[in-house]
>>> print(open('final-v6.txt').read())   # compact mmCIF, C-alpha atoms
# COMPACT_ATOMS: atom_id res chain seq x y z
CA MET Z 885 -32.02 34.01 23.49
CA LEU Z 886 -32.67 30.66 21.82
CA PHE Z 887 -32.04 32.24 18.42
CA THR Z 888 -28.69 33.59 19.66
CA LEU Z 889 -27.61 30.16 20.94
CA ALA Z 890 -28.66 28.51 17.72
CA LEU Z 891 -26.71 31.06 15.69
CA ALA Z 892 -23.62 30.51 17.86
CA ALA Z 893 -23.87 26.77 17.35
CA ILE Z 894 -24.05 27.21 13.59
CA THR Z 895 -20.92 29.35 13.54
CA ILE Z 896 -18.76 26.68 15.16
CA ILE Z 897 -19.93 23.72 13.09
CA PRO Z 898 -17.41 23.28 10.26
CA ARG Z 899 -18.22 22.47 6.71
CA VAL Z 900 -18.24 18.68 6.34
CA SER Z 901 -18.63 17.29 2.85
CA GLY Z 902 -16.74 14.03 3.07
CA HIS Z 903 -13.54 12.74 1.51
CA SER Z 904 -10.34 12.82 3.60
CA ALA Z 905 -6.85 14.28 3.76
CA PHE Z 906 -3.61 14.08 5.71
CA PHE Z 907 -3.36 17.13 7.97
CA HIS Z 908 -0.11 18.44 9.45
CA PRO Z 909 1.63 21.85 9.43
CA SER Z 910 4.39 20.32 7.29
CA MET Z 911 2.05 19.87 4.33
CA TRP Z 912 1.66 21.92 1.21
CA GLY Z 913 -1.79 23.50 1.25
CA PHE Z 914 -2.24 23.24 5.02
CA ASN Z 915 -4.18 26.51 5.14
CA VAL Z 916 -5.87 26.34 1.73
CA THR Z 917 -9.63 26.92 1.81
CA ASP Z 918 -12.31 26.71 -0.84
CA LYS Z 919 -11.74 30.44 -1.50
CA ASP Z 920 -8.09 30.24 -2.59
CA TYR Z 921 -8.69 28.81 -6.07
CA PRO Z 922 -11.28 29.32 -8.81
CA TYR Z 923 -12.45 25.81 -7.87
CA ASP Z 924 -12.66 23.95 -4.57
CA ASN Z 925 -9.08 22.81 -4.00
CA ARG Z 926 -9.11 22.07 -0.29
CA PRO Z 927 -6.74 19.24 0.70
CA VAL Z 928 -9.68 16.86 1.16
CA VAL Z 929 -11.04 17.29 -2.36
CA PRO Z 930 -10.26 14.30 -4.63
CA ILE Z 931 -8.08 14.71 -7.69
CA LYS Z 932 -9.34 13.19 -10.95
CA ASN Z 933 -9.45 14.10 -14.62
CA MET Z 934 -6.88 16.84 -13.99
CA ASN Z 935 -3.78 18.04 -15.79
CA PHE Z 936 -0.45 17.37 -14.12
CA SER Z 937 0.01 20.83 -12.58
CA GLN Z 938 -3.42 20.54 -10.93
CA TRP Z 939 -3.09 17.09 -9.37
CA TRP Z 940 0.64 16.99 -8.56
CA PHE Z 941 0.89 17.89 -4.85
CA HIS Z 942 -2.80 18.70 -5.17
CA GLY Z 943 -1.80 21.87 -7.02
CA HIS Z 944 -0.58 23.32 -3.70
CA LEU Z 945 3.07 24.00 -4.52
CA ASP Z 946 2.41 27.73 -4.16
CA HIS Z 947 1.25 27.12 -0.57
CA PRO Z 948 4.34 25.64 1.14
CA PRO Z 949 4.69 24.84 4.83
CA ASN Z 950 6.52 27.21 7.13
CA ASP Z 951 10.26 26.78 7.47
CA GLY Z 952 11.10 24.26 10.15
CA ASP Z 953 7.82 22.33 9.95
CA PHE Z 954 8.53 18.63 9.43
CA PHE Z 955 6.56 15.43 9.93
CA GLU Z 956 8.91 13.09 11.80
CA LEU Z 957 9.42 9.49 10.70
CA PRO Z 958 10.98 7.53 13.60
CA ALA Z 959 12.92 4.61 12.12
CA GLY Z 960 11.54 1.30 13.35
CA LYS Z 961 8.53 2.90 15.01
CA ALA Z 962 5.10 4.25 14.12
CA ALA Z 963 4.48 7.72 12.73
CA THR Z 964 0.98 8.79 13.72
CA ALA Z 965 -0.86 10.88 11.15
CA GLU Z 966 -4.15 12.73 11.50
CA ILE Z 967 -6.51 11.91 8.64
CA ALA Z 968 -9.88 13.63 8.54
CA CYS Z 969 -12.52 15.03 6.22
CA THR Z 970 -12.10 18.52 7.64
CA LYS Z 971 -9.27 20.29 9.47
CA PRO Z 972 -11.48 21.33 12.44
CA ALA Z 973 -11.78 17.60 13.24
CA THR Z 974 -8.02 17.47 13.87
CA SER Z 975 -5.83 18.86 16.64
CA TYR Z 976 -5.04 21.75 14.28
CA PHE Z 977 -8.60 23.10 14.50
CA LYS Z 978 -7.49 26.55 15.66
CA SER Z 979 -5.64 27.18 12.39
CA ALA Z 980 -8.99 26.66 10.67
CA GLY Z 981 -10.64 29.35 12.78
CA ALA Z 982 -12.52 26.90 15.00
CA VAL Z 983 -12.88 27.56 18.72
CA ASN Z 984 -13.09 23.88 19.65
CA GLN Z 985 -12.14 20.63 17.98
CA PHE Z 986 -15.01 19.12 16.02
CA THR Z 987 -15.48 15.60 17.41
CA ASN Z 988 -17.96 12.79 17.71
CA PRO Z 989 -18.52 12.32 21.48
CA SER Z 990 -19.39 8.66 21.03
CA ASN Z 991 -16.32 8.00 18.87
CA PRO Z 992 -13.41 10.42 19.34
CA GLU Z 993 -11.51 8.63 16.57
CA ASP Z 994 -14.18 9.36 13.97
CA PRO Z 995 -12.34 10.95 11.00
CA CYS Z 996 -15.56 12.57 9.80
CA PRO Z 997 -17.61 13.39 12.90
CA ASN Z 998 -21.36 12.92 12.76
CA SER Z 999 -21.25 11.59 9.20
CA PRO Z 1000 -21.74 8.06 7.86
CA THR Z 1001 -18.69 6.05 6.86
CA THR Z 1002 -19.60 6.63 3.23
CA ALA Z 1003 -18.44 10.23 3.75
CA TYR Z 1004 -14.90 8.85 3.69
CA HIS Z 1005 -15.72 6.27 1.04
CA THR Z 1006 -16.19 3.01 2.85
CA ASN Z 1007 -19.37 1.05 3.48
CA ASN Z 1008 -17.88 -0.76 6.48
CA PHE Z 1009 -14.60 -1.97 7.96
CA GLU Z 1010 -14.35 -4.83 5.46
CA ASP Z 1011 -14.50 -2.33 2.61
CA LEU Z 1012 -11.25 -0.54 3.50
CA MET Z 1013 -8.60 -0.53 0.78
CA GLY Z 1014 -5.61 1.07 2.53
CA CYS Z 1015 -3.47 4.22 2.38
CA SER Z 1016 0.25 4.78 1.96
CA LEU Z 1017 3.08 7.17 2.72
CA ALA Z 1018 5.84 7.63 0.16
CA ILE Z 1019 9.21 9.37 0.37
CA ALA Z 1020 11.59 11.11 -2.02
CA TYR Z 1021 15.17 11.59 -0.81
CA LYS Z 1022 15.38 15.17 -2.03
CA ASP Z 1023 15.04 18.39 -0.05
CA ASP Z 1024 13.83 20.59 -2.92
CA VAL Z 1025 10.19 19.97 -3.77
CA ASN Z 1026 10.66 21.51 -7.20
CA ALA Z 1027 13.24 18.84 -8.02
CA VAL Z 1028 10.92 15.96 -7.08
CA LYS Z 1029 9.45 13.97 -9.96
CA PRO Z 1030 6.73 11.29 -9.78
CA ASP Z 1031 9.30 8.51 -10.21
CA ASP Z 1032 11.27 9.76 -7.19
CA PHE Z 1033 8.66 8.57 -4.69
CA THR Z 1034 8.92 5.19 -2.97
CA VAL Z 1035 6.15 3.81 -0.76
CA PHE Z 1036 7.67 3.04 2.65
CA SER Z 1037 4.57 2.42 4.78
CA VAL Z 1038 1.04 1.14 4.23
CA ASN Z 1039 -1.95 0.93 6.53
CA HIS Z 1040 -4.54 -1.56 5.24
CA THR Z 1041 -7.31 -0.24 7.51
CA CYS Z 1042 -7.26 3.35 6.32
CA VAL Z 1043 -9.26 5.61 6.21
CA TRP Z 1044 -10.99 4.55 9.43
CA THR Z 1045 -9.58 6.46 12.41
CA LEU Z 1046 -8.53 10.06 12.95
CA HIS Z 1047 -5.15 8.97 14.33
CA THR Z 1048 -3.64 6.51 11.88
CA ASP Z 1049 -0.32 4.76 12.47
CA PHE Z 1050 2.17 4.24 9.67
CA GLN Z 1051 5.01 1.90 10.60
CA VAL Z 1052 8.42 3.17 9.47
CA PRO Z 1053 11.06 0.64 8.32
CA ALA Z 1054 13.84 0.27 10.88
CA ARG Z 1055 16.49 0.62 8.17
CA MET Z 1056 15.31 3.94 6.77
CA PRO Z 1057 18.41 5.99 5.93
CA PRO Z 1058 18.69 9.62 7.06
CA CYS Z 1059 17.34 12.43 4.91
CA PRO Z 1060 19.47 15.16 3.31
CA PRO Z 1061 20.27 18.14 5.59
CA GLY Z 1062 17.12 19.92 4.41
CA GLY Z 1063 14.90 16.91 5.06
CA CYS Z 1064 12.94 14.76 2.63
CA ILE Z 1065 9.75 15.24 0.67
CA CYS Z 1066 6.89 12.86 1.48
CA ALA Z 1067 3.31 12.39 0.38
CA PHE Z 1068 0.12 10.70 1.54
CA PHE Z 1069 -1.71 8.61 -1.06
CA TRP Z 1070 -5.14 7.01 -0.95
CA ILE Z 1071 -7.50 5.37 -3.43
CA HIS Z 1072 -10.72 4.08 -1.88
CA SER Z 1073 -13.01 1.14 -2.56
CA PRO Z 1074 -14.95 1.22 -5.84
CA LEU Z 1075 -18.04 0.22 -3.84
CA SER Z 1076 -18.30 3.58 -2.08
CA GLY Z 1077 -17.62 6.45 -4.44
CA GLY Z 1078 -16.26 7.28 -7.86
CA GLU Z 1079 -12.81 7.11 -9.41
CA GLU Z 1080 -10.70 9.31 -7.17
CA ASN Z 1081 -7.10 9.87 -6.12
CA TYR Z 1082 -5.90 11.60 -2.99
CA MET Z 1083 -2.44 13.11 -2.61
CA ASN Z 1084 -1.11 15.46 0.04
CA GLY Z 1085 2.58 16.36 0.01
CA PHE Z 1086 4.54 17.30 3.12
CA ARG Z 1087 8.06 17.84 4.41
CA CYS Z 1088 9.38 14.93 6.43
CA ASN Z 1089 12.50 13.85 8.25
CA VAL Z 1090 13.71 10.39 9.29
CA THR Z 1091 14.78 10.30 12.95
CA GLY Z 1092 16.76 7.67 14.82
CA SER Z 1093 18.29 6.31 11.64
CA THR Z 1094 20.90 3.56 12.07
CA SER Z 1095 21.44 2.60 8.43
CA ASN Z 1096 22.95 4.31 5.40
CA VAL Z 1097 21.76 1.70 2.88
CA PRO Z 1098 19.86 3.64 0.19
CA VAL Z 1099 16.33 2.99 -0.96
CA ALA Z 1100 16.25 1.09 -4.26
CA GLU Z 1101 14.80 2.52 -7.45
CA SER Z 1102 11.05 2.05 -7.22
CA LYS Z 1103 8.94 0.15 -9.74
CA VAL Z 1104 5.26 0.15 -10.65
CA ALA Z 1105 3.24 -2.36 -8.61
CA ARG Z 1106 1.48 -5.18 -10.46
CA ARG Z 1107 -1.97 -6.54 -9.69
CA CYS Z 1108 -1.19 -10.06 -8.49
CA GLY Z 1109 -3.38 -10.92 -5.50
CA ALA Z 1110 -6.58 -12.92 -5.36
CA ASP Z 1111 -9.14 -10.81 -7.23
CA LEU Z 1112 -12.61 -12.32 -6.96
CA PRO Z 1113 -14.49 -9.41 -8.60
CA ASN Z 1114 -12.40 -10.05 -11.71
CA LYS Z 1115 -12.81 -13.84 -11.45
CA ARG Z 1116 -9.25 -14.52 -10.33
CA PRO Z 1117 -9.65 -16.65 -7.18
CA TYR Z 1118 -5.95 -17.20 -6.57
CA SER Z 1119 -2.95 -14.96 -6.21
CA THR Z 1120 0.03 -15.26 -8.56
CA PRO Z 1121 3.02 -14.48 -6.34
CA ALA Z 1122 5.55 -14.67 -9.16
CA ASN Z 1123 3.65 -11.92 -10.97
CA CYS Z 1124 3.97 -9.49 -8.05
CA THR Z 1125 6.32 -6.54 -7.89
CA TYR Z 1126 8.70 -7.02 -4.96
CA GLY Z 1127 10.94 -4.45 -3.35
CA ALA Z 1128 10.59 -0.69 -3.74
CA LYS Z 1129 7.32 0.35 -5.36
CA LYS Z 1130 5.93 3.64 -6.62
CA PRO Z 1131 2.70 5.24 -5.45
CA TYR Z 1132 -0.24 5.20 -7.84
CA TYR Z 1133 -0.96 8.01 -10.28
CA TRP Z 1134 -4.33 7.13 -11.74
CA PHE Z 1135 -7.36 8.53 -13.54
CA ASN Z 1136 -6.00 11.94 -14.46
CA ASN Z 1137 -5.50 13.54 -17.85
CA GLU Z 1138 -1.73 13.08 -17.82
CA GLY Z 1139 1.08 11.65 -15.76
CA ASN Z 1140 -0.65 8.35 -14.94
CA ASN Z 1141 1.35 5.21 -14.16
CA MET Z 1142 -1.71 3.02 -13.54
CA PHE Z 1143 -4.38 2.36 -16.15
CA GLU Z 1144 -6.92 0.14 -14.39
CA GLY Z 1145 -10.57 0.63 -15.21
CA ASP Z 1146 -12.98 2.67 -13.15
CA HIS Z 1147 -14.34 -0.35 -11.25
CA SER Z 1148 -10.91 -1.90 -10.58
CA PRO Z 1149 -8.85 0.86 -8.94
CA PRO Z 1150 -5.28 0.20 -7.81
CA VAL Z 1151 -5.24 -0.07 -4.02
CA TYR Z 1152 -2.65 -0.25 -1.25
CA ASN Z 1153 -3.03 -3.80 0.04
CA ASP Z 1154 -2.25 -7.44 -0.80
CA LEU Z 1155 -3.88 -7.13 -4.21
CA TYR Z 1156 -0.74 -5.28 -5.31
CA ASN Z 1157 1.68 -6.94 -2.87
CA PHE Z 1158 1.71 -4.07 -0.39
CA VAL Z 1159 1.97 -5.70 3.03
CA ASP Z 1160 0.37 -4.02 6.01
CA GLY Z 1161 2.90 -1.89 7.85
CA ALA Z 1162 6.50 -1.01 7.11
CA GLN Z 1163 7.74 -1.89 3.64
CA ASP Z 1164 10.96 -3.47 4.86
CA ASP Z 1165 12.18 -4.72 1.49
CA ILE Z 1166 12.68 -1.37 -0.27
CA PHE Z 1167 16.46 -1.14 0.09
CA ILE Z 1168 19.12 -1.88 -2.49
CA ASP Z 1169 20.39 -4.89 -0.52
CA SER Z 1170 16.98 -6.37 0.38
CA TYR Z 1171 17.17 -9.16 -2.21
CA LEU Z 1172 19.81 -11.61 -3.38
CA SER Z 1173 17.76 -12.22 -6.50
CA LEU Z 1174 14.95 -10.05 -7.86
CA PRO Z 1175 13.73 -11.34 -11.25
CA ASP Z 1176 11.27 -9.41 -13.38
CA PRO Z 1177 7.72 -10.41 -12.41
CA ALA Z 1178 5.68 -12.69 -14.67
CA PRO Z 1179 3.12 -15.46 -14.01
CA ASN Z 1180 5.78 -18.16 -14.44
CA ALA Z 1181 8.84 -16.17 -13.36
CA ALA Z 1182 11.35 -17.08 -10.70
CA MET Z 1183 10.46 -15.97 -7.19
CA PRO Z 1184 12.74 -13.37 -5.58
CA ILE Z 1185 15.11 -14.35 -2.79
CA ARG Z 1186 15.20 -12.07 0.25
CA ALA Z 1187 18.71 -11.53 1.56
CA ASP Z 1188 17.81 -11.74 5.25
CA ASP Z 1189 15.68 -14.88 4.97
CA SER Z 1190 18.21 -16.79 2.91
CA ALA Z 1191 20.77 -16.07 5.61
CA LYS Z 1192 18.51 -17.70 8.22
CA LEU Z 1193 18.17 -20.99 6.32
CA PRO Z 1194 20.72 -23.78 6.88
CA LEU Z 1195 23.14 -23.70 3.97
CA SER Z 1196 22.44 -27.37 3.28
CA SER Z 1197 18.77 -26.50 2.80
CA VAL Z 1198 19.39 -23.72 0.31
CA PRO Z 1199 19.59 -24.94 -3.30
CA ALA Z 1200 22.98 -24.56 -4.93
CA ALA Z 1201 21.55 -22.16 -7.50
CA VAL Z 1202 20.34 -19.86 -4.73
CA GLN Z 1203 23.72 -20.00 -3.00
CA ALA Z 1204 25.24 -18.84 -6.27
CA GLY Z 1205 22.72 -16.00 -6.56
CA MET Z 1206 20.98 -17.54 -9.56
CA ALA Z 1207 17.27 -17.27 -10.31
CA ILE Z 1208 15.24 -20.47 -10.01
CA PRO Z 1209 12.03 -20.94 -12.02
CA ALA Z 1210 8.96 -20.79 -9.83
CA PRO Z 1211 6.38 -23.57 -10.06
CA VAL Z 1212 2.96 -22.80 -11.50
CA PHE Z 1213 0.19 -24.90 -10.05
CA PRO Z 1214 -2.64 -25.78 -12.46
CA VAL Z 1215 -6.10 -24.86 -11.26
CA VAL Z 1216 -8.67 -27.42 -12.37
CA GLY Z 1217 -12.20 -26.07 -12.62
CA ASN Z 1218 -13.23 -24.48 -9.33
CA SER Z 1219 -10.72 -26.42 -7.24
CA THR Z 1220 -9.77 -24.80 -3.97
CA THR Z 1221 -6.69 -26.95 -3.43
CA ASP Z 1222 -4.26 -24.54 -5.01
CA PRO Z 1223 -1.47 -24.25 -2.39
CA ARG Z 1224 -1.11 -20.57 -3.17
CA ALA Z 1225 -4.48 -19.96 -1.54
CA THR Z 1226 -3.34 -21.46 1.78
CA VAL Z 1227 -1.66 -19.29 4.38
CA GLY Z 1228 0.22 -21.27 7.02
CA THR Z 1229 0.83 -20.29 10.59
CA ALA Z 1230 4.55 -21.07 10.55
CA PRO Z 1231 7.33 -21.34 7.97
CA PRO Z 1232 7.17 -24.71 6.18
CA THR Z 1233 9.65 -27.46 6.92
CA LEU Z 1234 11.92 -28.01 3.97
CA PRO Z 1235 10.93 -31.31 2.36
CA THR Z 1236 13.23 -34.30 2.25
CA VAL Z 1237 12.54 -36.35 -0.86
CA THR Z 1238 14.29 -39.43 -2.15
CA GLY Z 1239 12.86 -39.72 -5.62
CA THR Z 1240 11.27 -37.81 -8.45
CA ASN Z 1241 7.50 -37.75 -8.70
CA SER Z 1242 5.55 -37.18 -11.85
CA SER Z 1243 3.07 -34.34 -12.21
CA PRO Z 1244 -0.52 -35.09 -11.18
CA ALA Z 1245 -2.78 -36.11 -13.98
CA VAL Z 1246 -5.07 -33.45 -15.39
CA THR Z 1247 -7.62 -33.67 -18.13
CA PRO Z 1248 -6.73 -31.70 -21.26
CA SER Z 1249 -9.41 -29.51 -22.74
CA ALA Z 1250 -10.62 -29.81 -26.29
CA SER Z 1251 -7.84 -27.44 -27.34
CA GLY Z 1252 -5.23 -29.77 -25.89
CA VAL Z 1253 -4.25 -27.64 -22.89
CA VAL Z 1254 -5.00 -27.98 -19.22
CA ASP Z 1255 -8.43 -26.72 -18.16
CA ASN Z 1256 -7.50 -24.25 -15.46
CA GLY Z 1257 -10.56 -22.08 -15.44
CA GLY Z 1258 -9.00 -19.56 -17.78
CA TYR Z 1259 -6.84 -18.05 -15.05
CA TYR Z 1260 -3.70 -18.28 -17.15
CA GLY Z 1261 -5.43 -17.43 -20.39
CA GLY Z 1262 -5.87 -21.06 -21.42
CA ALA Z 1263 -2.16 -21.90 -21.21
CA GLY Z 1264 -1.19 -25.36 -19.93
CA TYR Z 1265 1.65 -25.94 -17.50
CA LYS Z 1266 3.41 -28.99 -16.11
CA ARG Z 1267 4.55 -28.95 -12.51
CA ASP Z 1268 8.21 -29.73 -11.83
CA MET Z 1269 8.42 -32.21 -8.95
CA SER Z 1270 12.17 -32.81 -8.97
CA ASP Z 1271 14.09 -32.89 -5.68
CA ALA Z 1272 15.89 -29.63 -6.34
CA HIS Z 1273 12.71 -27.87 -7.37
CA LEU Z 1274 10.76 -28.97 -4.31
CA SER Z 1275 13.51 -27.77 -1.98
CA ALA Z 1276 13.81 -24.48 -3.82
CA ASN Z 1277 10.05 -23.97 -3.75
CA ALA Z 1278 9.87 -24.50 0.00
CA ALA Z 1279 12.70 -22.04 0.56
CA ARG Z 1280 10.96 -19.44 -1.58
CA ARG Z 1281 7.64 -19.88 0.18
CA PHE Z 1282 9.27 -19.18 3.54
CA GLN Z 1283 9.19 -15.40 3.14
CA GLY Z 1284 5.80 -15.19 1.45
CA LEU Z 1285 4.05 -17.19 4.13
CA ARG Z 1286 5.66 -15.25 6.96
CA VAL Z 1287 4.78 -11.89 5.43
CA ASN Z 1288 1.17 -12.89 4.71
CA VAL Z 1289 0.64 -14.24 8.22
CA GLU Z 1290 2.07 -11.08 9.77
CA SER Z 1291 -0.10 -8.90 7.51
CA ARG Z 1292 -3.21 -10.87 8.47
CA ARG Z 1293 -2.29 -10.68 12.18
CA ARG Z 1294 -2.06 -6.89 12.03
CA HIS Z 1295 -5.34 -6.68 10.14
CA LEU Z 1296 -7.17 -8.76 12.76
CA GLU Z 1297 -5.57 -6.79 15.58
CA ARG Z 1298 -6.84 -3.51 14.14
CA ARG Z 1299 -10.24 -5.00 13.47
CA SER Z 1300 -10.58 -6.13 17.10
CA ARG Z 1301 -10.26 -2.52 18.25
CA PHE Z 1302 -13.53 -1.57 16.60
CA TRP Z 1303 -15.73 -4.62 17.14
>>> encode(input="final-v6.txt", output="structure tokens")
Amino acid sequence: MLFTLALAAITIIPRVSGHSAFFHPSMWGFNVTDKDYPYDNRPVVPIKNMNFSQWWFHGHLDHPPNDGDFFELPAGKAATAEIACTKPATSYFKSAGAVNQFTNPSNPEDPCPNSPTTAYHTNNFEDLMGCSLAIAYKDDVNAVKPDDFTVFSVNHTCVWTLHTDFQVPARMPPCPPGGCICAFFWIHSPLSGGEENYMNGFRCNVTGSTSNVPVAESKVARRCGADLPNKRPYSTPANCTYGAKKPYYWFNNEGNNMFEGDHSPPVYNDLYNFVDGAQDDIFIDSYLSLPDPAPNAAMPIRADDSAKLPLSSVPAAVQAGMAIPAPVFPVVGNSTTDPRATVGTAPPTLPTVTGTNSSPAVTPSASGVVDNGGYYGGAGYKRDMSDAHLSANAARRFQGLRVNVESRRRHLERRSRFW
């Protein structure tokens, strides 16, 4: 009798080997098992060192979803995805042949029941690097190319829970009559696993759309945030990619758009200017000015935020739609006074100045340039303190501070749920 019960228990315990995937009937490869390919190509298996046909849509294009299966994206609301290391841990357990859903009684939101967090590549909550959802406004998956995808939502605390919310921008335009093509993307922390990509494609459809403004052409994200492991203690906002951004294609044999090393993977968080939540600036009218990023480039001007500022406070050049050079603050030694490292709790008050101040004195190095710790490659810069520049700088910081505070607020809110 005991042997029979033990055997029955074994038959209902699913195979759990870690990693994670997006699970929904709308996905390509929803019913793929480790028996369908000459190699293990289950949706949860990472993709790395593969040729394009193997990693693109996880090689599952021959396993499409059933007609009529769509993952809905409610404009301005959250789309809740199920992310797990095995399908029996999701609400779709029956399609995997399981009698009951595989859960952790002490934590129903465990994405990998009865396994350590390292099974889904994180040592702890602070080690999470984020996941993203991207969309292509095409209804034929065979017509979708890598450059067609635009990231529209990011969750900084992913993978961590079975049910994961992805906030959808309120201005998402409707999909074509046959729906859109979407994909889930994830690259985990380098501290808990090797160099791995995760991609699961699925059919999607935007619901409740109230805008017809198209998504802008997406660009490759640049590494611009504070990066202590690589000895960059401060962010360089002007070097960020703003607006519509592509998902990462990394560490495969071909088709890559990211070329970071194995210990510095591209991730979906502030390091690459992906805010937590809806990516609300991905539309063609999101910016009045969007200069090419560079360490000393002009900062972009968001259309909606410029409209909220009093016209008298907006520099004439901004009113005319011109780009204004962004200031670059010298970092002396290990100084922590760089204003870029400070996140305020409210938009700054535009300064009123009556004169022109000179730049603060700094000590040149032996080579004749400012000693800034090597952050700008030894280049020396002088800070512009003119009236017009100070006003323009305050106006530009308005959006960055607000976005960073909101991102941090959401991060702390999620963290409080688990501690």
>>> closest_residue(input="final-v6.txt", among="Z:Lys971, Z:Lys1103, Z:Arg1087, Z:His1047", to="Asp1024 (chain Z)", atoms="all atoms listed in the file")
Z:Arg1087
>>> closest_residue(input="final-v6.txt", among="Z:Asn933, Z:Asn1136, Z:Thr974, Z:Ser979", to="Glu993 (chain Z)", atoms="only C-alpha atoms")
Z:Thr974
>>> residues_near_point(input="final-v6.txt", point="(-7.1, 25.1, 1.6)", cutoff="10 Å", atoms="all atoms listed in the file", output="PyMOL selection string")
chain Z and resi 912-921+924-929+944+947+971+980
>>> atom_distance(input="final-v6.txt", atom1="CA of Pro997 (chain Z)", atom2="CA of Ala963 (chain Z)")
22.8 Å
>>> atom_distance(input="final-v6.txt", atom1="CA of Tyr1152 (chain Z)", atom2="CA of Pro949 (chain Z)")
26.8 Å
>>> atom_distance(input="final-v6.txt", atom1="CA of Leu1046 (chain Z)", atom2="CA of Ala968 (chain Z)")
5.8 Å
>>> residues_around(input="final-v6.txt", residues="Asp1011 (chain Z)", least_positions_apart="4", cutoff="10 Å", atoms="only C-alpha atoms", output="short mmCIF file (atom, residue, chain, number, x, y, z; two decimals) with C-alpha atoms, in the coordinates of the input")
data_model
loop_
_atom_site.label_atom_id
_atom_site.label_comp_id
_atom_site.auth_asym_id
_atom_site.auth_seq_id
_atom_site.Cartn_x
_atom_site.Cartn_y
_atom_site.Cartn_z
CA HIS Z 1005 -15.72 6.27 1.04
CA THR Z 1006 -16.19 3.01 2.85
CA ASN Z 1007 -19.37 1.05 3.48
CA THR Z 1041 -7.31 -0.24 7.51
CA CYS Z 1042 -7.26 3.35 6.32
CA HIS Z 1072 -10.72 4.08 -1.88
CA SER Z 1073 -13.01 1.14 -2.56
CA PRO Z 1074 -14.95 1.22 -5.84
CA LEU Z 1075 -18.04 0.22 -3.84
CA SER Z 1076 -18.30 3.58 -2.08
#
>>> residues_around(input="final-v6.txt", residues="Asn1153 (chain Z)", least_positions_apart="2", cutoff="12 Å", atoms="all atoms listed in the file", output="PDB file with C-alpha atoms, in the frame of the given file")
ATOM      1  CA  ASP Z1011     -14.500  -2.330   2.610  1.00  0.00           C
ATOM      2  CA  LEU Z1012     -11.250  -0.540   3.500  1.00  0.00           C
ATOM      3  CA  MET Z1013      -8.600  -0.530   0.780  1.00  0.00           C
ATOM      4  CA  GLY Z1014      -5.610   1.070   2.530  1.00  0.00           C
ATOM      5  CA  CYS Z1015      -3.470   4.220   2.380  1.00  0.00           C
ATOM      6  CA  SER Z1016       0.250   4.780   1.960  1.00  0.00           C
ATOM      7  CA  VAL Z1035       6.150   3.810  -0.760  1.00  0.00           C
ATOM      8  CA  SER Z1037       4.570   2.420   4.780  1.00  0.00           C
ATOM      9  CA  VAL Z1038       1.040   1.140   4.230  1.00  0.00           C
ATOM     10  CA  ASN Z1039      -1.950   0.930   6.530  1.00  0.00           C
ATOM     11  CA  HIS Z1040      -4.540  -1.560   5.240  1.00  0.00           C
ATOM     12  CA  THR Z1041      -7.310  -0.240   7.510  1.00  0.00           C
ATOM     13  CA  CYS Z1042      -7.260   3.350   6.320  1.00  0.00           C
ATOM     14  CA  TRP Z1070      -5.140   7.010  -0.950  1.00  0.00           C
ATOM     15  CA  ILE Z1071      -7.500   5.370  -3.430  1.00  0.00           C
ATOM     16  CA  HIS Z1072     -10.720   4.080  -1.880  1.00  0.00           C
ATOM     17  CA  SER Z1073     -13.010   1.140  -2.560  1.00  0.00           C
ATOM     18  CA  ALA Z1105       3.240  -2.360  -8.610  1.00  0.00           C
ATOM     19  CA  ARG Z1106       1.480  -5.180 -10.460  1.00  0.00           C
ATOM     20  CA  ARG Z1107      -1.970  -6.540  -9.690  1.00  0.00           C
ATOM     21  CA  CYS Z1108      -1.190 -10.060  -8.490  1.00  0.00           C
ATOM     22  CA  GLY Z1109      -3.380 -10.920  -5.500  1.00  0.00           C
ATOM     23  CA  ALA Z1110      -6.580 -12.920  -5.360  1.00  0.00           C
ATOM     24  CA  ASP Z1111      -9.140 -10.810  -7.230  1.00  0.00           C
ATOM     25  CA  PRO Z1149      -8.850   0.860  -8.940  1.00  0.00           C
ATOM     26  CA  PRO Z1150      -5.280   0.200  -7.810  1.00  0.00           C
ATOM     27  CA  VAL Z1151      -5.240  -0.070  -4.020  1.00  0.00           C
ATOM     28  CA  LEU Z1155      -3.880  -7.130  -4.210  1.00  0.00           C
ATOM     29  CA  TYR Z1156      -0.740  -5.280  -5.310  1.00  0.00           C
ATOM     30  CA  ASN Z1157       1.680  -6.940  -2.870  1.00  0.00           C
ATOM     31  CA  PHE Z1158       1.710  -4.070  -0.390  1.00  0.00           C
ATOM     32  CA  VAL Z1159       1.970  -5.700   3.030  1.00  0.00           C
ATOM     33  CA  ASP Z1160       0.370  -4.020   6.010  1.00  0.00           C
ATOM     34  CA  GLY Z1161       2.900  -1.890   7.850  1.00  0.00           C
ATOM     35  CA  GLN Z1163       7.740  -1.890   3.640  1.00  0.00           C
ATOM     36  CA  ASN Z1288       1.170 -12.890   4.710  1.00  0.00           C
ATOM     37  CA  SER Z1291      -0.100  -8.900   7.510  1.00  0.00           C
ATOM     38  CA  ARG Z1292      -3.210 -10.870   8.470  1.00  0.00           C
ATOM     39  CA  HIS Z1295      -5.340  -6.680  10.140  1.00  0.00           C
TER      40      HIS Z1295
END
>>> closest_residue(input="final-v6.txt", among="Z:Gly1077, Z:Gly1062, Z:Pro995, Z:Gly943", to="Thr970 (chain Z)", atoms="all atoms listed in the file")
Z:Pro995
>>> residues_around(input="final-v6.txt", residues="Trp939 (chain Z)", least_positions_apart="3", cutoff="10 Å", atoms="only C-alpha atoms", output="list of chain:residue names")
Z:Asn925, Z:Pro930, Z:Ile931, Z:Lys932, Z:Asn933, Z:Met934, Z:Asn935, Z:Phe936, Z:His942, Z:Gly943, Z:His944, Z:Asn1081, Z:Tyr1082, Z:Met1083, Z:Asn1084, Z:Tyr1133, Z:Asn1136, Z:Asn1137, Z:Glu1138, Z:Gly1139
